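K.L.:
Structure: coords-v9.txt, compact mmCIF, C-alpha atoms.
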# COMPACT_ATOMS: atom_id res chain seq x y z
CA MET A 1 0.00 0.00 0.00
CA GLY A 2 1.65 3.21 -1.16
CA THR A 3 1.11 6.32 -3.23
CA ALA A 4 4.00 8.81 -3.25
CA SER A 5 7.30 8.44 -5.10
CA PHE A 6 8.93 7.64 -1.73
CA ALA A 7 7.13 4.27 -1.85
CA VAL A 8 8.33 3.20 -5.31
CA PRO A 9 11.78 1.86 -4.30
CA SER A 10 10.14 -0.30 -1.61
CA LEU A 11 7.71 -1.75 -4.15
CA ARG A 12 10.52 -2.51 -6.58
CA ALA A 13 12.68 -4.00 -3.81
CA LEU A 14 9.90 -6.34 -2.66
CA GLN A 15 9.42 -7.57 -6.23
CA ALA A 16 13.16 -7.99 -6.82
CA ALA A 17 13.54 -9.95 -3.57
CA GLY A 18 11.01 -12.50 -4.80
CA HIS A 19 8.09 -11.67 -2.54
CA GLU A 20 4.68 -12.41 -4.05
CA ILE A 21 2.82 -9.10 -4.26
CA ALA A 22 -0.85 -10.09 -4.40
CA LEU A 23 -2.14 -6.54 -4.85
CA VAL A 24 -0.90 -2.95 -4.93
CA VAL A 25 -3.25 -0.51 -3.20
CA THR A 26 -2.81 3.19 -4.01
CA GLN A 27 -4.80 6.42 -3.89
CA PRO A 28 -7.23 7.23 -6.74
CA ASP A 29 -5.84 9.26 -9.65
CA ARG A 30 -5.83 12.95 -8.70
CA PRO A 31 -5.51 16.25 -10.59
CA GLY A 32 -1.83 17.14 -10.87
CA HIS A 33 0.10 19.63 -12.96
CA ARG A 34 -2.27 21.96 -14.88
CA MET A 35 -5.17 20.01 -13.26
CA LYS A 36 -4.55 17.01 -15.50
CA VAL A 37 -5.64 13.81 -13.74
CA THR A 38 -2.55 11.71 -13.19
CA PRO A 39 -1.88 8.28 -11.67
CA SER A 40 0.25 8.03 -8.54
CA PRO A 41 3.95 7.13 -8.88
CA VAL A 42 3.17 3.79 -7.24
CA LYS A 43 0.41 3.03 -9.76
CA MET A 44 2.78 3.72 -12.64
CA ALA A 45 5.49 1.53 -11.12
CA ALA A 46 3.00 -1.29 -10.45
CA ALA A 47 1.84 -1.20 -14.06
CA GLU A 48 5.44 -1.41 -15.23
CA LEU A 49 5.97 -4.45 -12.98
CA GLY A 50 2.76 -6.10 -14.19
CA LEU A 51 1.06 -5.99 -10.78
CA GLU A 52 -2.65 -5.67 -10.08
CA VAL A 53 -3.69 -2.25 -8.75
CA TYR A 54 -6.63 -1.31 -6.52
CA GLN A 55 -7.57 2.35 -5.88
CA PRO A 56 -10.34 2.67 -3.28
CA GLU A 57 -11.52 6.15 -2.38
CA ARG A 58 -11.64 5.07 1.26
CA ILE A 59 -9.81 2.00 2.52
CA ARG A 60 -12.16 1.72 5.51
CA GLU A 61 -15.28 1.16 3.34
CA PRO A 62 -16.74 -2.37 3.69
CA ALA A 63 -16.10 -3.18 0.00
CA SER A 64 -12.42 -2.24 0.37
CA VAL A 65 -12.04 -4.31 3.52
CA GLU A 66 -13.63 -7.33 1.85
CA ARG A 67 -11.36 -6.99 -1.19
CA LEU A 68 -8.30 -7.17 1.07
CA ARG A 69 -9.72 -9.95 3.19
CA ALA A 70 -10.39 -12.07 0.10
CA LEU A 71 -6.66 -12.01 -0.70
CA ASP A 72 -5.84 -13.78 2.58
CA PRO A 73 -2.46 -11.98 2.75
CA ASP A 74 0.48 -12.92 4.93
CA LEU A 75 1.63 -9.34 5.39
CA LEU A 76 0.61 -5.77 4.63
CA VAL A 77 3.45 -3.36 3.76
CA VAL A 78 2.53 0.33 3.94
CA VAL A 79 4.77 3.10 2.58
CA ALA A 80 3.55 6.71 2.16
CA TYR A 81 0.01 5.55 1.38
CA GLY A 82 -1.94 8.61 2.53
CA GLN A 83 -4.89 7.13 4.40
CA ILE A 84 -5.24 6.08 8.04
CA LEU A 85 -5.75 2.32 8.30
CA PRO A 86 -8.51 1.19 10.70
CA ALA A 87 -8.16 -1.79 13.05
CA VAL A 88 -10.32 -3.94 10.76
CA VAL A 89 -7.73 -3.60 7.97
CA LEU A 90 -4.68 -4.01 10.23
CA ALA A 91 -6.15 -7.26 11.54
CA ILE A 92 -6.44 -8.89 8.10
CA PRO A 93 -2.86 -10.10 7.40
CA ARG A 94 -1.74 -13.09 9.47
CA HIS A 95 1.63 -11.43 10.20
CA GLY A 96 0.18 -7.93 10.66
CA ALA A 97 1.07 -4.69 8.92
CA ILE A 98 4.45 -2.97 8.80
CA ASN A 99 5.32 0.56 7.75
CA VAL A 100 8.39 2.26 6.29
CA HIS A 101 8.62 5.73 7.86
CA ALA A 102 11.08 8.47 6.88
CA SER A 103 12.42 9.41 10.32
CA MET A 104 14.06 7.91 13.37
CA LEU A 105 10.90 7.24 15.34
CA PRO A 106 9.56 8.41 17.73
CA ARG A 107 10.98 11.73 16.41
CA HIS A 108 8.95 13.27 13.58
CA ARG A 109 5.83 11.13 13.58
CA GLY A 110 3.30 12.31 11.02
CA ALA A 111 2.83 13.63 7.52
CA ALA A 112 6.01 15.60 6.78
CA PRO A 113 8.97 14.01 8.57
CA ILE A 114 11.59 14.82 5.92
CA ALA A 115 10.77 18.52 5.65
CA ARG A 116 10.43 18.83 9.42
CA SER A 117 13.85 17.27 10.02
CA ILE A 118 15.47 19.93 7.80
CA LEU A 119 13.37 22.74 9.32
CA ALA A 120 14.41 21.65 12.81
CA GLY A 121 18.09 21.82 11.88
CA ASP A 122 18.56 18.12 12.65
CA LEU A 123 22.04 16.85 11.80
CA GLU A 124 20.72 13.39 11.01
CA THR A 125 17.53 11.56 10.21
CA GLY A 126 16.84 8.07 8.90
CA VAL A 127 14.22 5.41 8.26
CA THR A 128 12.24 3.20 10.61
CA ILE A 129 10.48 -0.09 9.98
CA MET A 130 7.64 -0.39 12.48
CA ARG A 131 4.75 -2.69 13.21
CA MET A 132 1.56 -0.71 12.75
CA ASP A 133 -1.20 -0.09 15.25
CA GLU A 134 -4.18 2.29 15.13
CA GLN A 135 -2.24 5.30 16.41
CA LEU A 136 -0.11 7.62 14.27
CA ASP A 137 3.37 6.14 13.70
CA HIS A 138 3.13 4.69 17.18
CA GLY A 139 3.78 0.95 16.86
CA PRO A 140 6.87 -0.95 18.01
CA VAL A 141 10.08 -0.54 16.01
CA LEU A 142 11.47 -3.53 14.11
CA ALA A 143 14.53 -1.80 12.62
CA SER A 144 15.95 1.66 11.99
CA ARG A 145 18.90 3.15 10.13
CA ALA A 146 20.29 6.67 10.51
CA THR A 147 21.94 8.92 7.93
CA ALA A 148 23.45 12.40 8.11
CA ILE A 149 21.58 15.32 6.50
CA GLY A 150 23.87 17.15 4.08
CA GLU A 151 24.49 20.84 4.79
CA THR A 152 23.03 21.85 1.42
CA GLU A 153 20.65 18.88 0.97
CA ASP A 154 17.06 19.77 0.08
CA ALA A 155 13.88 17.79 0.69
CA PRO A 156 13.67 16.16 -2.79
CA ALA A 157 17.27 14.92 -2.58
CA LEU A 158 16.85 13.66 0.98
CA THR A 159 13.55 12.01 0.07
CA ALA A 160 15.22 10.09 -2.76
CA ARG A 161 18.03 8.91 -0.47
CA LEU A 162 15.70 7.86 2.33
CA ALA A 163 13.42 6.03 -0.11
CA GLU A 164 16.31 3.80 -1.19
CA LEU A 165 17.53 3.38 2.40
CA GLY A 166 14.04 2.41 3.52
CA ALA A 167 13.59 -0.08 0.68
CA ALA A 168 16.84 -1.86 1.54
CA LEU A 169 16.03 -1.96 5.26
CA LEU A 170 12.51 -3.24 4.50
CA VAL A 171 13.82 -6.26 2.59
CA GLU A 172 16.46 -6.96 5.25
CA THR A 173 13.81 -6.83 7.97
CA LEU A 174 11.43 -9.14 6.12
CA ASP A 175 14.24 -11.67 5.67
CA ARG A 176 14.50 -12.00 9.46
CA LEU A 177 10.97 -11.08 10.48
CA GLY A 178 10.54 -14.20 12.59
CA GLU A 179 13.52 -13.37 14.80
CA VAL A 180 13.18 -9.60 15.16
CA VAL A 181 12.27 -8.45 18.68
CA PRO A 182 9.98 -5.38 18.44
CA VAL A 183 11.00 -2.43 20.62
CA GLU A 184 8.32 -0.10 21.99
CA GLN A 185 8.79 3.59 21.21
CA ASP A 186 9.72 6.04 23.97
CA GLU A 187 6.66 8.30 24.21
CA GLU A 188 8.63 11.01 26.04
CA LYS A 189 10.81 11.52 22.93
CA ALA A 190 7.92 11.65 20.45
CA THR A 191 7.47 14.71 18.23
CA ILE A 192 4.86 15.38 15.54
CA ALA A 193 5.82 16.35 11.98
CA GLY A 194 2.60 18.07 10.97
CA LYS A 195 1.51 18.91 7.43
CA LEU A 196 3.21 21.83 5.73
CA SER A 197 1.32 25.07 5.12
CA ARG A 198 1.73 27.71 2.43
CA GLN A 199 2.27 30.37 5.10
CA GLU A 200 5.48 28.68 6.25
CA GLY A 201 7.08 29.59 2.93
CA GLU A 202 6.04 33.25 2.83
CA LEU A 203 9.12 34.91 4.31
CA ASP A 204 10.62 38.36 4.70
CA TRP A 205 14.28 39.38 4.79
CA ASP A 206 14.24 39.98 8.54
CA VAL A 207 14.14 36.21 9.08
CA ALA A 208 17.57 34.84 10.08
CA ALA A 209 19.70 33.67 7.16
CA LEU A 210 20.04 30.11 8.49
CA GLU A 211 16.26 29.89 8.94
CA ILE A 212 15.65 31.07 5.36
CA ASP A 213 18.18 28.50 4.14
CA ARG A 214 16.47 25.68 6.02
CA ARG A 215 13.06 26.67 4.71
CA VAL A 216 14.24 26.96 1.10
CA ARG A 217 15.68 23.44 1.34
CA ALA A 218 12.82 21.92 3.35
CA LEU A 219 9.76 23.37 1.63
CA GLN A 220 10.40 21.93 -1.83
CA PRO A 221 8.59 21.10 -4.01
CA TRP A 222 5.63 22.46 -1.98
CA PRO A 223 4.83 25.04 -0.73
CA GLY A 224 8.17 26.61 -1.70
CA VAL A 225 9.65 29.82 -0.28
CA THR A 226 8.92 33.31 -1.59
CA LEU A 227 10.75 36.50 -0.64
CA PRO A 228 9.94 40.14 -1.49
CA THR A 229 12.02 41.90 -4.18
CA SER A 230 11.69 45.04 -6.31
CA ARG A 231 9.94 42.79 -8.85
CA GLY A 232 7.42 41.45 -6.34
CA ARG A 233 7.52 38.19 -4.40
CA VAL A 234 9.85 35.67 -6.04
CA LYS A 235 10.13 31.93 -5.38
CA VAL A 236 13.62 31.00 -4.20
CA LEU A 237 14.67 27.52 -5.31
CA ARG A 238 18.27 27.52 -4.16
CA GLY A 239 20.66 29.81 -2.33
CA HIS A 240 23.42 30.00 0.27
CA VAL A 241 24.39 31.79 3.46
CA GLU A 242 27.16 34.40 3.42
CA GLY A 243 27.95 35.57 6.93
CA ASP A 244 24.60 36.71 8.33
CA GLN A 245 23.01 37.16 4.90
CA TYR A 246 21.00 34.77 2.77
CA VAL A 247 21.87 34.99 -0.93
CA PRO A 248 19.47 33.50 -3.53
CA ASP A 249 21.14 31.56 -6.35
CA ILE A 250 18.20 30.22 -8.39
CA VAL A 251 14.81 31.94 -8.42
CA GLN A 252 11.54 31.71 -10.30
CA MET A 253 9.18 34.52 -11.24
CA PRO A 254 5.45 33.65 -11.46
CA GLY A 255 4.74 31.89 -14.76
CA LYS A 256 8.44 31.78 -15.69
CA LYS A 257 11.14 29.11 -15.70
CA PRO A 258 13.80 28.98 -12.97
CA ALA A 259 16.78 31.24 -13.66
CA PRO A 260 19.93 32.57 -11.95
CA ALA A 261 19.01 35.15 -9.32
CA ARG A 262 21.44 37.79 -10.60
CA GLN A 263 19.92 37.50 -14.07
CA VAL A 264 16.38 37.96 -12.77
CA LEU A 265 16.92 40.41 -9.91
CA GLY A 266 20.13 42.21 -10.81
CA GLY A 267 21.39 44.19 -7.84
CA ASP A 268 18.66 42.77 -5.57
CA ALA A 269 20.27 39.30 -5.60
Take the structure in the file and give it back as structure tokens.
P.N.:
Amino acid sequence: MGTASFAVPSLRALQAAGHEIALVVTQPDRPGHRMKVTPSPVKMAAAELGLEVYQPERIREPASVERLRALDPDLLVVVAYGQILPAVVLAIPRHGAINVHASMLPRHRGAAPIARSILAGDLETGVTIMRMDEQLDHGPVLASRATAIGETEDAPALTARLAELGAALLVETLDRLGEVVPVEQDEEKATIAGKLSRQEGELDWDVAALEIDRRVRALQPWPGVTLPTSRGRVKVLRGHVEGDQYVPDIVQMPGKKPAPARQVLGGDA
């Protein structure tokens, strides 16, 4: 069960490792760029691999539950799916449900762990394989693997790295699932990585340079960071810190392609 591009390496890794994937469950096709209805990255990958795809509007509906129950699955693997799974679904597989999460749980539970790790100035993050329960990213940990966050690494680059790291750890964990001892999470160390908002990217120049840098790196591809210039608010795609100043390198005017900041803004950059 997965939807976002983060889930694609895990799907491919399961297939390559020889696991029988009875069904791929993903979100319904949604309007994407220019409102064109597009399939999820997981749906496209599943089609390429020749796997059956199921796209229920709500996984908790009785028809969806019955479809899963009819498969009589051994295990449910969930990676960036996008819907909360009710107890009735989690109870279907004989070996339960496991999740690949893009943080070192219990830190950064929730919807946006990768962006939140950059925004928080964390020096490292990682991936966690956990056994799912009804609560948000709450179940016992089966395995985890840490990695340093690069000083200039942005969310898309970190997402791609963690997706591959998570896929490898998933397959390793499944290979020894019968001998893994689950470890309960420490609730006192739990933090929530809530959804991102457009307002978080609407900045002014009085924000500290390091904070602007973190937001530019963390809030890609959405909502992005805009800063005021003599040509109006401009989206900043990349930049760097010089002393106590933030210097944009690549910017984008509304309706235009990305371009070097000095070319677009001249003396403002």
K.L.:
Give me the residues within 10 Å of Phe6 (chain A) as a ChimeraX atom specification, counting only C-alpha atoms and dropping any in the same chain fewer than 3 places off.
P.N.:
/A:2-3,9-11,41-42,79-81,100-102,156,159-164,166-167
K.L.:
Could you give me, as a PyMOL selection string, the residues within 8 Å of region 105-112 of chain A, counting all atoms listed in the file and dropping anything in the same chain fewer than 2 positions from it?
P.N.:
chain A and resi 101+103+114-117+128+136-138+141+185-187+189-196
K.L.:
Restrict the selected residues to C-alpha atoms and save them as a compact mmCIF listing (two decimals), keeping the file's coordinate frame.
P.N.:
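Done, and the output landed in result_4.txt:
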# COMPACT_ATOMS: atom_id res chain seq x y z
CA HIS A 101 8.62 5.73 7.86
CA SER A 103 12.42 9.41 10.32
CA ILE A 114 11.59 14.82 5.92
CA ALA A 115 10.77 18.52 5.65
CA ARG A 116 10.43 18.83 9.42
CA SER A 117 13.85 17.27 10.02
CA THR A 128 12.24 3.20 10.61
CA LEU A 136 -0.11 7.62 14.27
CA ASP A 137 3.37 6.14 13.70
CA HIS A 138 3.13 4.69 17.18
CA VAL A 141 10.08 -0.54 16.01
CA GLN A 185 8.79 3.59 21.21
CA ASP A 186 9.72 6.04 23.97
CA GLU A 187 6.66 8.30 24.21
CA LYS A 189 10.81 11.52 22.93
CA ALA A 190 7.92 11.65 20.45
CA THR A 191 7.47 14.71 18.23
CA ILE A 192 4.86 15.38 15.54
CA ALA A 193 5.82 16.35 11.98
CA GLY A 194 2.60 18.07 10.97
CA LYS A 195 1.51 18.91 7.43
CA LEU A 196 3.21 21.83 5.73
K.L.:
As an exercise, work out the distance from CA of Leu210 (chain A) to CA of Arg231 (chain A) in Å and give it to one decimal place.
P.N.:
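CA of Arg231 (chain A) lies at a distance of 23.7 Å from CA of Leu210 (chain A).
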K.L.:
Find the residue from A:Pro93, A:Pro248, A:Pro39, A:Pro140 that sits nearest to Val53 (chain A); use all atoms listed in the file when measuring.
P.N.:
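With all atoms listed in the file as the atom set, the closest residue is A:Pro39.
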K.L.:
Rank A:Met132, A:Arg30, A:Gln15, A:Val77 by their smallest atom-to-atom distance to Leu51 (chain A), using only C-alpha atoms, and report the top residue only.
P.N.:
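When distances to Leu51 (chain A) are compared using only C-alpha atoms, the smallest one comes from A:Gln15.
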K.L.:
Taking only C-alpha atoms into account, which of A:Gly232, A:Ala259, A:Pro113, A:Arg12 comes nearest Leu170 (chain A)?
P.N.:
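Closest to Leu170 (chain A) of all the choices is A:Arg12.
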K.L.:
Just checking: using all atoms listed in the file, which residue out of A:Ala120, A:Ala143, A:Val25, A:Val78 ends up closest to Ala218 (chain A)?
P.N.:
A:Ala120
K.L.:
Could you tell me which of A:Gly139, A:Gly255, A:Gly150, A:Pro73 comes closest to Val183 (chain A) if we count all atoms listed in the file?
P.N.:
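Using all atoms listed in the file, Val183 (chain A) sits closest to A:Gly139.
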K.L.:
Of the residues A:Arg131, A:Glu124, A:Gly201, A:Leu219, which is the one nearest to Ala155 (chain A), using all atoms listed in the file?
P.N.:
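Closest residue, counting all atoms listed in the file: A:Leu219.
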K.L.:
Could you jot down the CA of Ser64 (chain A) to CA of Val89 (chain A) separation for me, Å, one decimal place?
P.N.:
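Computing it gives 9.0 Å between the two atoms.
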K.L.:
Find the distance between CA of Val88 (chain A) and CA of Met1 (chain A) and write it in Å to one decimal.
P.N.:
15.4 Å
K.L.:
Using all atoms listed in the file, which protein or nucleic acid residues come within 8 Å of Gln220 (chain A)? Drop anything in the same chain fewer than 2 positions from it, and give the result as a PyMOL selection string.
P.N.:
chain A and resi 154-156+216-218+222-224+237
K.L.:
Counting only C-alpha atoms, I want the residues whose atoms come within 10 Å of (16.4, 38.7, -10.8) in the file frame, returned as a PyMOL selection string.
P.N.:
chain A and resi 229-231+234+248-253+259-269
K.L.:
Identify, on the basis of only C-alpha atoms, every residue whose closest approach to Val181 (chain A) does not exceed 9 Å; exclude the query and any residue fewer than 3 positions from it along the same chain; express the result as a PyMOL selection string.
P.N.:
chain A and resi 141-142+177-178
K.L.:
Would you write out those residues with C-alpha atoms, as an mmCIF file, in the coordinates of the input?
P.N.:
data_model
loop_
_atom_site.group_PDB
_atom_site.id
_atom_site.type_symbol
_atom_site.label_atom_id
_atom_site.label_comp_id
_atom_site.auth_asym_id
_atom_site.auth_seq_id
_atom_site.Cartn_x
_atom_site.Cartn_y
_atom_site.Cartn_z
ATOM 1 C CA VAL A 141 10.080 -0.540 16.010
ATOM 2 C CA LEU A 142 11.470 -3.530 14.110
ATOM 3 C CA LEU A 177 10.970 -11.080 10.480
ATOM 4 C CA GLY A 178 10.540 -14.200 12.590
#
K.L.:
Let me know the centre plus edge lengths, in Å and rounded to one decimal, of a box with edges along x, y and z that contains all listed atoms of region 254-267 of chain A and is padded by 3 Å on every side, as JSON.
P.N.:
{"center_x": 13.1, "center_y": 36.6, "center_z": -11.8, "size_x": 22.7, "size_y": 21.2, "size_z": 13.9}
